[in-house]
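S.K.: Below you'll find my_file_3.txt; it's compact mmCIF, C-alpha atoms.
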```txt
# COMPACT_ATOMS: atom_id res chain seq x y z
CA MET E 1274 126.86 104.30 113.73
CA ILE E 1275 124.61 105.88 111.23
CA GLY E 1276 122.89 108.96 112.50
CA ILE E 1277 119.34 107.93 111.84
CA ASP E 1278 117.11 106.67 114.56
CA ARG E 1279 115.47 103.89 112.69
CA GLU E 1280 112.58 103.37 115.03
CA VAL E 1281 111.71 107.04 115.06
CA SER E 1282 111.97 107.28 111.32
CA ARG E 1283 109.86 104.17 110.93
CA GLN E 1284 107.17 105.68 113.08
CA ASN E 1285 107.32 108.89 111.12
CA PHE E 1286 106.85 106.90 108.00
CA LEU E 1287 103.85 105.08 109.34
CA LYS E 1288 102.37 108.49 109.96
CA LYS E 1289 103.34 109.57 106.50
CA ALA E 1290 102.07 106.30 105.08
CA ALA E 1291 98.74 107.98 105.43
CA TRP E 1292 99.63 109.38 102.03
CA ALA E 1293 96.66 107.24 101.18
CA GLY E 1294 94.23 109.79 99.96
CA ALA E 1295 96.71 112.54 100.24
CA ALA E 1296 98.86 112.19 97.20
CA PHE E 1297 96.32 113.25 94.66
CA SER E 1298 95.52 116.26 96.80
CA ALA E 1299 98.97 117.55 96.07
CA MET E 1300 98.00 117.38 92.42
CA GLY E 1301 95.10 119.65 93.19
CA ILE E 1302 92.35 117.10 92.74
CA GLY E 1303 91.42 116.54 96.35
CA GLY E 1304 92.14 119.32 98.73
CA PHE E 1305 91.21 118.47 102.29
CA GLY E 1306 93.42 120.24 104.79
CA VAL E 1307 94.56 117.17 106.65
CA ALA E 1308 95.20 115.23 103.50
CA VAL E 1309 97.25 118.05 102.07
CA ARG E 1310 99.35 118.29 105.21
CA ARG E 1311 100.02 114.56 105.01
CA ALA E 1312 100.96 114.85 101.38
CA GLU E 1313 103.32 117.64 102.30
CA ALA E 1314 104.94 115.46 104.94
CA GLN E 1315 105.50 112.76 102.33
CA ALA E 1316 106.55 115.36 99.81
CA GLN E 1317 109.33 116.73 102.00
CA ALA E 1318 111.59 113.87 101.03
CA TYR E 1319 111.60 114.47 97.30
CA GLU E 1320 111.35 118.22 97.55
CA SER E 1321 114.77 118.19 99.16
CA TYR E 1322 116.20 116.72 95.93
CA GLN E 1323 114.42 119.07 93.60
CA GLY E 1324 116.55 121.53 91.75
CA LEU E 1325 119.71 119.46 92.16
CA GLY E 1326 119.43 118.15 88.63
CA ASP E 1327 119.83 114.61 87.41
CA ALA E 1328 123.63 114.73 87.19
CA ALA E 1329 124.12 115.87 90.78
CA ILE E 1330 121.67 113.27 92.04
CA LEU E 1331 123.51 110.57 90.11
CA GLN E 1332 126.89 111.77 91.35
CA PHE E 1333 125.65 111.43 94.91
CA ALA E 1334 124.13 108.03 94.14
CA TYR E 1335 127.44 106.93 92.61
CA LEU E 1336 129.24 107.62 95.88
CA LEU E 1337 126.58 105.77 97.87
CA GLU E 1338 127.02 102.74 95.63
CA GLN E 1339 130.79 102.86 95.99
CA LEU E 1340 130.43 103.20 99.76
CA GLU E 1341 128.29 100.08 99.80
CA GLY E 1342 130.26 98.15 97.18
CA ILE E 1343 133.62 98.66 98.88
CA PHE E 1344 132.07 97.81 102.24
CA TYR E 1345 130.75 94.49 100.96
CA ASP E 1346 133.96 93.81 99.04
CA GLU E 1347 136.03 94.24 102.18
CA GLY E 1348 133.56 92.02 104.04
CA VAL E 1349 133.99 89.32 101.43
CA ASN E 1350 137.79 89.60 101.50
CA ALA E 1351 137.90 89.67 105.29
CA GLY E 1352 136.70 86.09 105.44
CA LEU E 1353 133.75 86.86 107.67
CA PHE E 1354 131.48 84.57 105.70
CA ALA E 1355 131.39 81.10 104.22
CA ASN E 1356 129.22 79.10 101.87
CA ALA E 1357 125.74 80.45 101.10
CA PHE E 1358 126.20 83.49 103.31
CA LEU E 1359 129.42 84.35 101.46
CA ASP E 1360 127.62 83.88 98.13
CA GLN E 1361 124.90 86.32 99.13
CA VAL E 1362 127.30 88.99 100.37
CA ALA E 1363 129.39 88.63 97.20
CA VAL E 1364 126.27 88.92 95.04
CA ILE E 1365 125.21 92.07 96.85
CA ARG E 1366 128.70 93.49 96.40
CA ASP E 1367 128.52 92.76 92.68
CA HIS E 1368 125.13 94.46 92.48
CA GLU E 1369 126.43 97.62 94.14
CA PHE E 1370 129.37 97.85 91.76
CA ALA E 1371 127.07 97.14 88.81
CA HIS E 1372 124.89 100.02 89.98
CA ALA E 1373 127.95 102.24 90.23
CA ASP E 1374 129.01 101.24 86.70
CA ALA E 1375 125.55 101.95 85.30
CA ILE E 1376 125.50 105.34 87.00
CA ALA E 1377 129.00 106.19 85.77
CA THR E 1378 127.98 105.33 82.22
CA THR E 1379 124.92 107.52 82.51
CA LEU E 1380 126.95 110.39 83.92
CA GLY E 1381 129.24 110.05 80.91
CA GLN E 1382 126.24 110.28 78.60
CA LEU E 1383 125.12 113.40 80.41
CA GLY E 1384 128.59 114.88 79.98
CA ALA E 1385 128.94 115.03 83.75
CA GLU E 1386 131.94 114.11 85.82
CA VAL E 1387 132.14 110.79 87.59
CA PRO E 1388 133.19 111.71 91.12
CA ALA E 1389 136.50 110.48 92.48
CA VAL E 1390 135.94 107.80 95.08
CA PRO E 1391 137.19 109.06 98.42
CA GLU E 1392 138.91 106.83 100.93
CA PHE E 1393 135.95 105.76 103.00
CA THR E 1394 136.18 105.35 106.74
CA TYR E 1395 134.30 102.38 108.13
CA PRO E 1396 133.80 101.91 111.87
CA ASP E 1397 136.41 99.93 113.78
CA GLY E 1398 135.68 96.27 113.98
CA VAL E 1399 133.17 95.91 111.18
CA PHE E 1400 135.56 93.76 109.15
CA THR E 1401 136.54 91.55 112.06
CA ASP E 1402 133.15 91.06 113.67
CA VAL E 1403 130.43 89.52 111.57
CA VAL E 1404 127.68 90.87 113.84
CA ALA E 1405 128.99 94.42 113.55
CA PHE E 1406 129.36 94.01 109.79
CA LEU E 1407 125.79 92.85 109.32
CA GLU E 1408 124.50 95.51 111.66
CA LEU E 1409 126.14 98.17 109.52
CA ALA E 1410 124.82 96.50 106.36
CA ALA E 1411 121.34 96.64 107.86
CA THR E 1412 121.71 100.39 108.31
CA PHE E 1413 123.31 101.05 104.91
CA GLU E 1414 120.52 99.48 102.89
CA PRO E 1415 117.64 101.62 104.19
CA VAL E 1416 119.76 104.71 103.56
CA GLY E 1417 120.25 103.69 99.94
CA ILE E 1418 116.56 102.86 99.65
CA GLY E 1419 115.55 106.15 101.20
CA ALA E 1420 117.89 108.11 98.96
CA TYR E 1421 116.64 106.58 95.71
CA GLN E 1422 113.02 106.74 96.76
CA GLY E 1423 113.39 110.34 97.83
CA ALA E 1424 115.27 111.36 94.71
CA ALA E 1425 113.19 109.45 92.16
CA PRO E 1426 110.36 111.98 91.79
CA ALA E 1427 112.92 114.77 91.45
CA LEU E 1428 114.60 113.16 88.43
CA GLU E 1429 113.86 114.96 85.20
CA SER E 1430 114.71 112.17 82.76
CA LYS E 1431 112.18 109.36 82.65
CA ASP E 1432 114.92 107.03 81.42
CA ILE E 1433 117.04 107.78 84.44
CA LEU E 1434 113.99 107.43 86.65
CA ALA E 1435 113.36 103.95 85.25
CA ALA E 1436 116.94 102.98 86.07
CA ALA E 1437 116.81 104.57 89.52
CA ILE E 1438 113.59 102.84 90.48
CA SER E 1439 115.05 99.49 89.41
CA ILE E 1440 118.18 100.09 91.48
CA HIS E 1441 115.93 101.18 94.37
CA ASN E 1442 114.21 97.83 94.12
CA ALA E 1443 117.51 95.97 94.20
CA GLU E 1444 118.41 97.83 97.39
CA CYS E 1445 115.09 96.80 98.91
CA GLN E 1446 115.88 93.21 97.96
CA HIS E 1447 119.27 93.58 99.64
CA ARG E 1448 117.58 94.79 102.77
CA ALA E 1449 115.56 91.58 102.96
CA ALA E 1450 118.67 89.52 102.20
CA ILE E 1451 120.60 91.22 104.99
CA ASN E 1452 117.70 90.47 107.31
CA ILE E 1453 118.05 86.81 106.32
CA LEU E 1454 121.77 86.93 107.13
CA ASN E 1455 120.86 88.55 110.44
CA LEU E 1456 118.56 85.56 111.06
CA ILE E 1457 115.50 87.79 111.21
CA SER E 1458 112.39 85.79 110.41
CA PRO E 1459 110.38 86.73 108.53
CA PRO E 1460 112.87 88.88 106.63
CA ALA E 1461 110.20 91.03 104.95
CA GLN E 1462 109.32 93.37 107.77
CA VAL E 1463 107.88 96.59 106.38
CA ALA E 1464 104.68 97.26 104.43
CA PHE E 1465 106.08 100.48 102.93
CA GLU E 1466 109.61 101.54 102.11
CA GLU E 1467 110.58 104.93 103.39
CA ALA E 1468 111.94 107.87 101.41
CA LEU E 1469 114.58 109.95 103.16
CA PRO E 1470 115.16 113.66 102.69
CA LEU E 1471 118.55 114.56 101.24
CA GLN E 1472 119.75 116.05 104.53
CA ASP E 1473 119.09 112.78 106.36
CA VAL E 1474 121.01 110.81 103.75
CA GLN E 1475 123.89 113.28 103.88
CA ALA E 1476 123.96 113.10 107.68
CA ALA E 1477 123.93 109.32 107.52
CA VAL E 1478 126.88 108.96 105.13
CA GLU E 1479 129.00 111.92 106.17
CA PRO E 1480 130.79 109.94 108.93
CA PHE E 1481 132.00 107.50 106.26
CA GLY E 1482 133.65 110.16 104.16
CA ILE E 1483 130.99 111.34 101.73
CA THR E 1484 130.77 115.07 101.98
CA GLY E 1485 128.74 117.51 99.95
CA MET X 56 138.77 94.86 93.68
CA GLU X 57 137.51 91.67 92.12
CA LYS X 58 136.06 91.63 88.70
CA HIS X 59 132.33 91.26 88.55
CA THR X 60 130.43 89.98 85.61
CA ILE X 61 127.02 91.56 85.76
CA ASN X 62 125.75 92.74 82.44
CA VAL X 63 125.03 96.39 83.10
CA PRO X 64 122.18 97.58 80.92
CA SER X 65 122.34 101.01 79.41
CA VAL X 66 119.92 103.52 80.75
CA GLU X 67 118.00 103.41 77.47
CA GLU X 68 117.29 99.74 78.00
CA PHE X 69 115.61 100.48 81.29
CA ALA X 70 113.25 102.96 79.84
CA ARG X 71 112.31 100.68 76.97
CA PRO X 72 110.28 103.25 75.10
CA THR X 73 108.85 100.51 72.92
CA SER X 74 107.62 98.74 75.98
CA ARG X 75 106.17 101.92 77.27
CA ARG X 76 104.20 102.36 74.06
CA ASP X 77 103.07 98.78 74.48
CA PHE X 78 101.97 99.57 77.98
CA PHE X 79 99.74 102.34 76.75
CA LYS X 80 98.48 100.15 73.95
CA ALA X 81 97.58 97.47 76.44
CA LEU X 82 95.87 100.00 78.66
CA ALA X 83 93.75 101.00 75.71
CA ALA X 84 93.09 97.41 74.72
CA ALA X 85 92.05 96.68 78.26
CA GLY X 86 89.48 99.40 77.93
CA VAL X 87 91.27 101.56 80.40
CA GLY X 88 91.08 104.40 78.01
CA ALA X 89 94.18 106.27 79.01
CA ALA X 90 95.89 106.14 75.66
CA ALA X 91 92.82 107.09 73.69
CA GLY X 92 91.79 109.56 76.34
CA SER X 93 95.07 111.36 76.20
CA VAL X 94 94.39 112.34 72.63
CA LEU X 95 91.16 114.03 73.60
CA LEU X 96 91.95 115.52 76.94
CA SER X 97 94.33 118.23 77.89
CA ARG X 98 97.81 117.17 78.85
CA LYS X 99 97.13 117.70 82.53
CA ALA X 100 93.87 115.84 82.55
CA SER X 101 95.29 112.91 80.66
CA ALA X 102 98.18 112.78 83.06
CA GLN X 103 95.82 112.52 85.98
CA GLY X 104 93.79 109.94 84.11
CA THR X 105 96.88 107.85 83.56
CA ASP X 106 97.70 107.98 87.25
CA VAL X 107 94.18 106.89 88.15
CA ASP X 108 94.31 104.04 85.66
CA ILE X 109 97.66 102.90 86.91
CA ALA X 110 96.51 103.09 90.51
CA ASN X 111 93.42 101.02 89.68
CA PHE X 112 95.51 98.50 87.81
CA ALA X 113 97.85 98.25 90.78
CA LEU X 114 94.84 97.86 93.06
CA THR X 115 93.67 94.83 91.10
CA LEU X 116 97.10 93.25 91.47
CA GLU X 117 97.11 93.95 95.20
CA PHE X 118 93.62 92.47 95.50
CA LEU X 119 94.90 89.35 93.77
CA GLU X 120 97.87 89.01 96.07
CA THR X 121 95.84 89.71 99.20
CA GLU X 122 93.24 87.10 98.27
CA PHE X 123 95.94 84.57 97.42
CA TYR X 124 97.65 84.98 100.78
CA ARG X 125 94.34 85.04 102.63
CA ARG X 126 93.44 81.66 101.16
CA ALA X 127 96.95 80.40 101.82
CA LEU X 128 96.57 81.24 105.51
CA ASP X 129 93.05 79.81 105.65
CA ALA X 130 94.28 76.54 104.18
CA GLY X 131 96.17 75.81 107.37
CA VAL X 132 99.06 74.02 105.67
CA LEU X 133 101.80 76.57 106.36
CA ARG X 134 104.23 76.02 109.19
CA GLY X 135 107.12 77.76 110.87
CA ASP X 136 109.02 80.37 108.87
CA ALA X 137 106.69 80.02 105.89
CA LEU X 138 103.64 80.70 108.04
CA ALA X 139 105.27 83.70 109.70
CA LEU X 140 106.33 85.09 106.34
CA VAL X 141 102.95 84.67 104.69
CA GLU X 142 101.28 86.33 107.68
CA ASN X 143 103.57 89.32 107.19
CA ILE X 144 103.10 89.42 103.44
CA PHE X 145 99.33 89.17 103.76
CA ASP X 146 99.43 92.11 106.15
CA HIS X 147 101.59 94.13 103.74
CA GLU X 148 99.38 93.43 100.73
CA SER X 149 96.27 94.34 102.73
CA GLN X 150 97.89 97.62 103.67
CA HIS X 151 98.75 98.24 100.01
CA VAL X 152 95.10 97.68 99.08
CA ASP X 153 93.94 100.13 101.74
CA ALA X 154 96.54 102.68 100.75
CA ILE X 155 95.68 102.58 97.04
CA ILE X 156 91.94 102.77 97.75
CA GLY X 157 92.58 105.77 99.97
CA LEU X 158 94.73 107.32 97.28
CA LEU X 159 92.02 106.91 94.64
CA GLU X 160 89.19 108.08 96.86
CA GLY X 161 91.24 111.07 97.92
CA ALA X 162 91.49 111.93 94.26
CA GLY X 163 87.77 111.71 93.80
CA ALA X 164 88.25 108.62 91.64
CA THR X 165 86.43 105.35 92.20
CA PRO X 166 88.51 102.33 93.07
CA VAL X 167 87.76 99.23 91.00
CA GLU X 168 85.73 96.52 92.67
CA GLU X 169 87.58 93.47 93.82
CA PRO X 170 87.20 90.86 91.10
CA GLU X 171 86.61 87.20 91.78
CA PHE X 172 89.79 85.20 91.68
CA VAL X 173 90.42 81.61 90.75
CA PHE X 174 93.53 79.63 91.59
CA PRO X 175 94.71 76.36 90.09
CA GLU X 176 93.40 73.28 91.80
CA GLY X 177 95.75 72.05 94.45
CA THR X 178 97.40 75.42 94.99
CA PHE X 179 96.49 75.51 98.64
CA THR X 180 97.01 71.87 99.56
CA SER X 181 100.69 72.16 100.32
CA GLN X 182 103.18 74.68 101.59
CA ALA X 183 105.35 74.03 98.55
CA GLY X 184 102.48 74.77 96.16
CA ILE X 185 101.70 78.02 97.92
CA LEU X 186 105.30 79.18 97.93
CA GLU X 187 105.71 78.23 94.29
CA LEU X 188 102.83 80.42 93.21
CA ALA X 189 103.95 83.19 95.55
CA ALA X 190 107.34 83.04 93.84
CA THR X 191 105.66 83.79 90.52
CA PHE X 192 103.30 86.50 91.81
CA GLU X 193 105.82 88.68 93.58
CA PRO X 194 108.16 89.39 90.65
CA VAL X 195 105.10 90.27 88.57
CA GLY X 196 104.15 92.82 91.18
CA VAL X 197 107.63 94.28 91.14
CA GLY X 198 107.70 94.37 87.35
CA ALA X 199 104.29 96.00 87.09
CA TYR X 200 105.26 98.85 89.39
CA LEU X 201 108.66 99.30 87.72
CA GLY X 202 107.03 99.32 84.29
CA ALA X 203 104.42 101.86 85.32
CA ALA X 204 106.68 104.16 87.33
CA PRO X 205 108.06 106.26 84.46
CA MET X 206 104.48 106.99 83.32
CA ILE X 207 103.27 108.28 86.66
CA GLN X 208 102.82 112.03 86.65
CA SER X 209 102.25 112.83 90.30
CA PRO X 210 105.47 112.77 92.33
CA ASP X 211 103.53 111.62 95.37
CA ILE X 212 102.03 108.68 93.55
CA LEU X 213 105.41 107.87 92.09
CA ALA X 214 106.93 107.87 95.57
CA ALA X 215 104.10 105.61 96.78
CA ALA X 216 104.55 103.23 93.84
CA GLY X 217 108.28 103.02 94.46
CA SER X 218 107.65 102.39 98.14
CA ILE X 219 105.25 99.54 97.44
CA ALA X 220 107.41 98.11 94.64
CA GLY X 221 110.30 97.89 97.07
CA VAL X 222 108.21 95.89 99.51
CA GLU X 223 107.21 93.49 96.74
CA GLY X 224 110.93 93.16 96.02
CA GLU X 225 111.53 92.23 99.64
CA HIS X 226 108.81 89.59 99.31
CA VAL X 227 110.59 88.15 96.27
CA VAL X 228 113.74 87.66 98.31
CA ALA X 229 111.96 86.31 101.39
CA ILE X 230 110.14 83.73 99.28
CA ASN X 231 113.25 82.84 97.27
CA ASN X 232 114.98 82.13 100.54
CA LEU X 233 112.36 79.54 101.47
CA VAL X 234 112.13 78.02 98.00
CA THR X 235 115.72 77.98 96.75
CA GLY X 236 117.80 79.32 99.65
CA LEU X 237 120.66 81.78 99.49
CA PRO X 238 121.60 83.80 97.57
CA ALA X 239 118.02 85.01 97.61
CA ALA X 240 118.68 88.54 96.32
CA ASN X 241 119.80 87.80 92.79
CA GLU X 242 118.95 90.72 90.59
CA ALA X 243 121.14 93.78 90.27
CA PHE X 244 118.48 95.43 88.13
CA PRO X 245 114.99 94.03 88.82
CA ALA X 246 113.10 94.02 85.56
CA ALA X 247 110.19 96.19 84.53
CA LEU X 248 107.31 94.40 82.82
CA THR X 249 105.07 95.71 80.11
CA MET X 250 101.37 95.77 80.83
CA ASP X 251 100.92 92.95 78.31
CA GLU X 252 103.34 90.85 80.27
CA VAL X 253 101.57 91.63 83.52
CA LEU X 254 98.18 90.85 82.00
CA ALA X 255 99.43 87.58 80.59
CA ALA X 256 100.72 86.60 84.01
CA VAL X 257 97.65 87.49 86.06
CA SER X 258 94.68 87.07 83.73
CA PRO X 259 94.41 83.32 84.37
CA PHE X 260 93.66 84.05 88.02
CA ILE X 261 90.90 86.55 87.38
CA MET X 262 87.40 85.27 86.69
CA GLY X 263 86.28 86.64 83.39
CA GLY X 264 89.77 87.85 82.63
CA MET X 265 91.50 91.11 83.34
CA MET X 266 90.02 92.80 80.30
CA GLU X 267 86.46 92.60 81.54
CA THR X 268 87.31 93.02 85.15
CA GLY X 269 89.39 96.05 84.75
CA GLY X 270 88.54 97.46 81.39
CA GLN X 271 84.84 98.13 81.51
CA GLU X 272 85.09 99.09 85.14
CA TYR X 273 87.72 101.66 84.37
CA ARG X 274 85.77 102.95 81.43
CA ASP X 275 82.60 103.34 83.47
CA ARG X 276 84.06 104.55 86.66
CA THR X 277 86.71 107.00 85.66
CA SER X 278 86.02 110.16 83.83
CA PHE X 279 88.88 109.43 81.50
CA GLY X 280 87.32 106.68 79.48
CA ARG X 281 85.19 108.99 77.37
CA VAL X 282 86.45 107.89 74.01
```
As structure tokens, how would this structure be written, given the file I've shared?
M.R.:
Amino acid sequence: MIGIDREVSRQNFLKKAAWAGAAFSAMGIGGFGVAVRRAEAQAQAYESYQGLGDAAILQFAYLLEQLEGIFYDEGVNAGLFANAFLDQVAVIRDHEFAHADAIATTLGQLGAEVPAVPEFTYPDGVFTDVVAFLELAATFEPVGIGAYQGAAPALESKDILAAAISIHNAECQHRAAINILNLISPPAQVAFEEALPLQDVQAAVEPFGITG
Amino acid sequence: MEKHTINVPSVEEFARPTSRRDFFKALAAAGVGAAAGSVLLSRKASAQGTDVDIANFALTLEFLETEFYRRALDAGVLRGDALALVENIFDHESQHVDAIIGLLEGAGATPVEEPEFVFPEGTFTSQAGILELAATFEPVGVGAYLGAAPMIQSPDILAAAGSIAGVEGEHVVAINNLVTGLPAANEAFPAALTMDEVLAAVSPFIMGGMMETGGQEYRDRTSFGRV
């Protein structure tokens, strides 16, 4: 299971969601102590991506997309779903691979290597048990969301940022769709999406075979 | 691996530099003053001004959504999953309003006043009518944030905008599910909108139009409208 305690991280975010009033302080306009500390808490996420460079961020994102795409593809092929549920899982799979393709193309334009896709390890039973599959899907999506949201401010190219923020939004939409498949009503549960620091994302995906 | 047939846009298409110029043009036309202001002010100051303008523009959109969902709940016609969803969405939009106001005040900028909104007759008489309009509002919210994101200078504000945009994206899916069913998440690359497109979509709901509501307010209330 993914190594992020979702409830704890949600609560942390709610604390950080007090970025209201804090964000501009980081720009040097405001400057109240408390506000600055809050801004710093929110800033931690993207600061952890700074200095990586756009290519390295995209290479990491490429692997996340492949991890998700292959997961959904295997879920589709495993016959866990039928009808409208199958349609939705297949659509999400297609999205993840489309994201991977877009990222690979961009890496090519940057003259950077497209990483080899490792053989991912998924937990036992996720492709035979629909509940386990959807539970894992519900943990994958916030990791993808958190990674893009954390990395976005660290991207140097505005073009790449525009693409990343669109993909981020698709992942948020997937999160709601997975909630629907998990019969969670209402499926839109959070008022703010949460950015994750790089180390948290790395820790979350390392068990599946993404290292570095 | 099966073949998939999504048209993958190039990264240049996302950025749509033409659209971005349009966005600035529309900001200026709306009296927001960012585009004109940027000529006169230093790079840093104009950057901050742009962020303030964008935050105020986003605030107006969040006001619109909050008021829409407030009236939807007051109408008493929602039931079951639709009622539960709209209660959640109303709560989210209210929190977005509070967050953006806090963000602006923290910056020493003045949030725009909430304008008066008008909705088409009959909007609130049925659950279907409410969901139909919700299904048009939410993608506009997503598109507005995605269109503005590459122009935001402050990384913190960018992170906040991305965070809120994602929630609006979740709303799109949740509403799609009630209106058209699964698959409710249909877009591999949710689309950015230009400011013109956003204005065209929301102006009919704002008494006096977005230009007056936002423009003069922005000009008067921010220090960046000195043109």
S.K.: Have a look at X:Gly221, X:Glu193, X:Phe123, X:Pro170 and name the one nearest to Gly1417 (chain E); count all atoms listed in the file.
M.R.: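 The answer is X:Gly221, which sits nearest to Gly1417 (chain E).
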S.K.: Closest to Leu114 (chain X) among X:Ala240, X:Ile207, X:Val152, X:Val197, using only C-alpha atoms?
M.R.: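 For Leu114 (chain X), the nearest of the given residues is X:Val152.
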S.K.: Report, in Å to a single decimal, how far apart CA of Gln1332 (chain E) and CA of Leu248 (chain X) are.
M.R.: 27.5 Å
S.K.: Could you pull the residues within 10 Å of Glu148 (chain X), counting only C-alpha atoms, minus those fewer than 6 positions along the same chain, as a list in words?
M.R.: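 Everything that qualifies: Ala1464 and Phe1465 of chain E; Leu114, Leu116, Glu117, Phe118, Leu119, Glu120, Thr121, Glu122, Tyr124, Arg125, Ala154, Ile219, Val222 and Glu223 of chain X.
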S.K.: Quick one: everything within 10 Å of region 1448-1454 of chain E, counting all atoms listed in the file, minus sequence neighbours fewer than 2 positions away in the same chain. Send it as a PyMOL selection string.
M.R.: (chain E and resi 1357-1359+1361-1362+1365+1404+1407-1415+1417-1418+1442-1446+1456-1463) or (chain X and resi 221-222+224-229+231-232+237-241)
S.K.: Counting all atoms listed in the file, figure out which residue out of E:Ala1420, E:Ala1385, E:Ile1483, E:Ala1363 gets nearest to Ala1351 (chain E).
M.R.: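 For Ala1351 (chain E), the nearest of the candidates is E:Ala1363.
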S.K.: Can you pull out every residue within 10 Å of Ala204 (chain X), counting all atoms listed in the file, but drop anything in the same chain fewer than 2 positions away, and send it as a list in words?
M.R.: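 These residues fall inside the cut-off: Ala1425, Pro1426, Lys1431, Leu1434, Ala1435, Ile1438 and Ser1439 of chain E; Asp106, Ile109, Gly198, Ala199, Tyr200, Leu201, Gly202, Met206, Ile207, Gln208, Ile212, Leu213, Ala214, Ala215, Ala216, Gly217, Ala220 and Ala247 of chain X.
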S.K.: Could you pull the residues within 12 Å of Val1478 (chain E), counting all atoms listed in the file, minus those fewer than 6 positions along the same chain, as a CSV table (one decimal) with C-alpha atoms, in the frame of the given file?
M.R.:
```
chain,number,residue,atom,x,y,z
E,1274,MET,CA,126.9,104.3,113.7
E,1275,ILE,CA,124.6,105.9,111.2
E,1276,GLY,CA,122.9,109.0,112.5
E,1277,ILE,CA,119.3,107.9,111.8
E,1333,PHE,CA,125.6,111.4,94.9
E,1334,ALA,CA,124.1,108.0,94.1
E,1336,LEU,CA,129.2,107.6,95.9
E,1337,LEU,CA,126.6,105.8,97.9
E,1338,GLU,CA,127.0,102.7,95.6
E,1339,GLN,CA,130.8,102.9,96.0
E,1340,LEU,CA,130.4,103.2,99.8
E,1341,GLU,CA,128.3,100.1,99.8
E,1393,PHE,CA,136.0,105.8,103.0
E,1394,THR,CA,136.2,105.4,106.7
E,1395,TYR,CA,134.3,102.4,108.1
E,1396,PRO,CA,133.8,101.9,111.9
E,1409,LEU,CA,126.1,98.2,109.5
E,1412,THR,CA,121.7,100.4,108.3
E,1413,PHE,CA,123.3,101.0,104.9
E,1414,GLU,CA,120.5,99.5,102.9
E,1415,PRO,CA,117.6,101.6,104.2
E,1416,VAL,CA,119.8,104.7,103.6
E,1417,GLY,CA,120.2,103.7,99.9
E,1420,ALA,CA,117.9,108.1,99.0
E,1471,LEU,CA,118.6,114.6,101.2
E,1472,GLN,CA,119.8,116.0,104.5
E,1484,THR,CA,130.8,115.1,102.0
E,1485,GLY,CA,128.7,117.5,100.0
```
S.K.: Rank nothing, just name the residue among X:Val132, X:Ala139, X:Ala256, X:Ile155 nearest to Thr180 (chain X), using only C-alpha atoms.
M.R.: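 Using only C-alpha atoms, the shortest distance to Thr180 (chain X) belongs to X:Val132.
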S.K.: Using all atoms listed in the file, which of the listed residues (X:Ile144, X:Val234, X:Val167, X:Leu186) sits closest to chain E?
M.R.: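 Checking each candidate against chain E, we get X:Ile144 as the closest.
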S.K.: Which is closest to chain X among E:Gly1398, E:Pro1480, E:Gly1348, E:Gly1326, if we use all atoms listed in the file?
M.R.: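 Nearest candidate to chain X out of E:Gly1398, E:Pro1480, E:Gly1348, E:Gly1326: E:Gly1348.
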S.K.: What does the structure give for the distance between CA of His1368 (chain E) and CA of Met250 (chain X), in Å to one decimal?
M.R.: 26.5 Å
S.K.: Please, what is the axis-aligned box for every listed atom of region 1453-1470 of chain E with 6 Å on each side, as centre and edge lengths in Å to one decimal, as JSON?
M.R.:
```
{"center_x": 113.2, "center_y": 99.6, "center_z": 106.3, "size_x": 29.1, "size_y": 40.1, "size_z": 21.8}
```
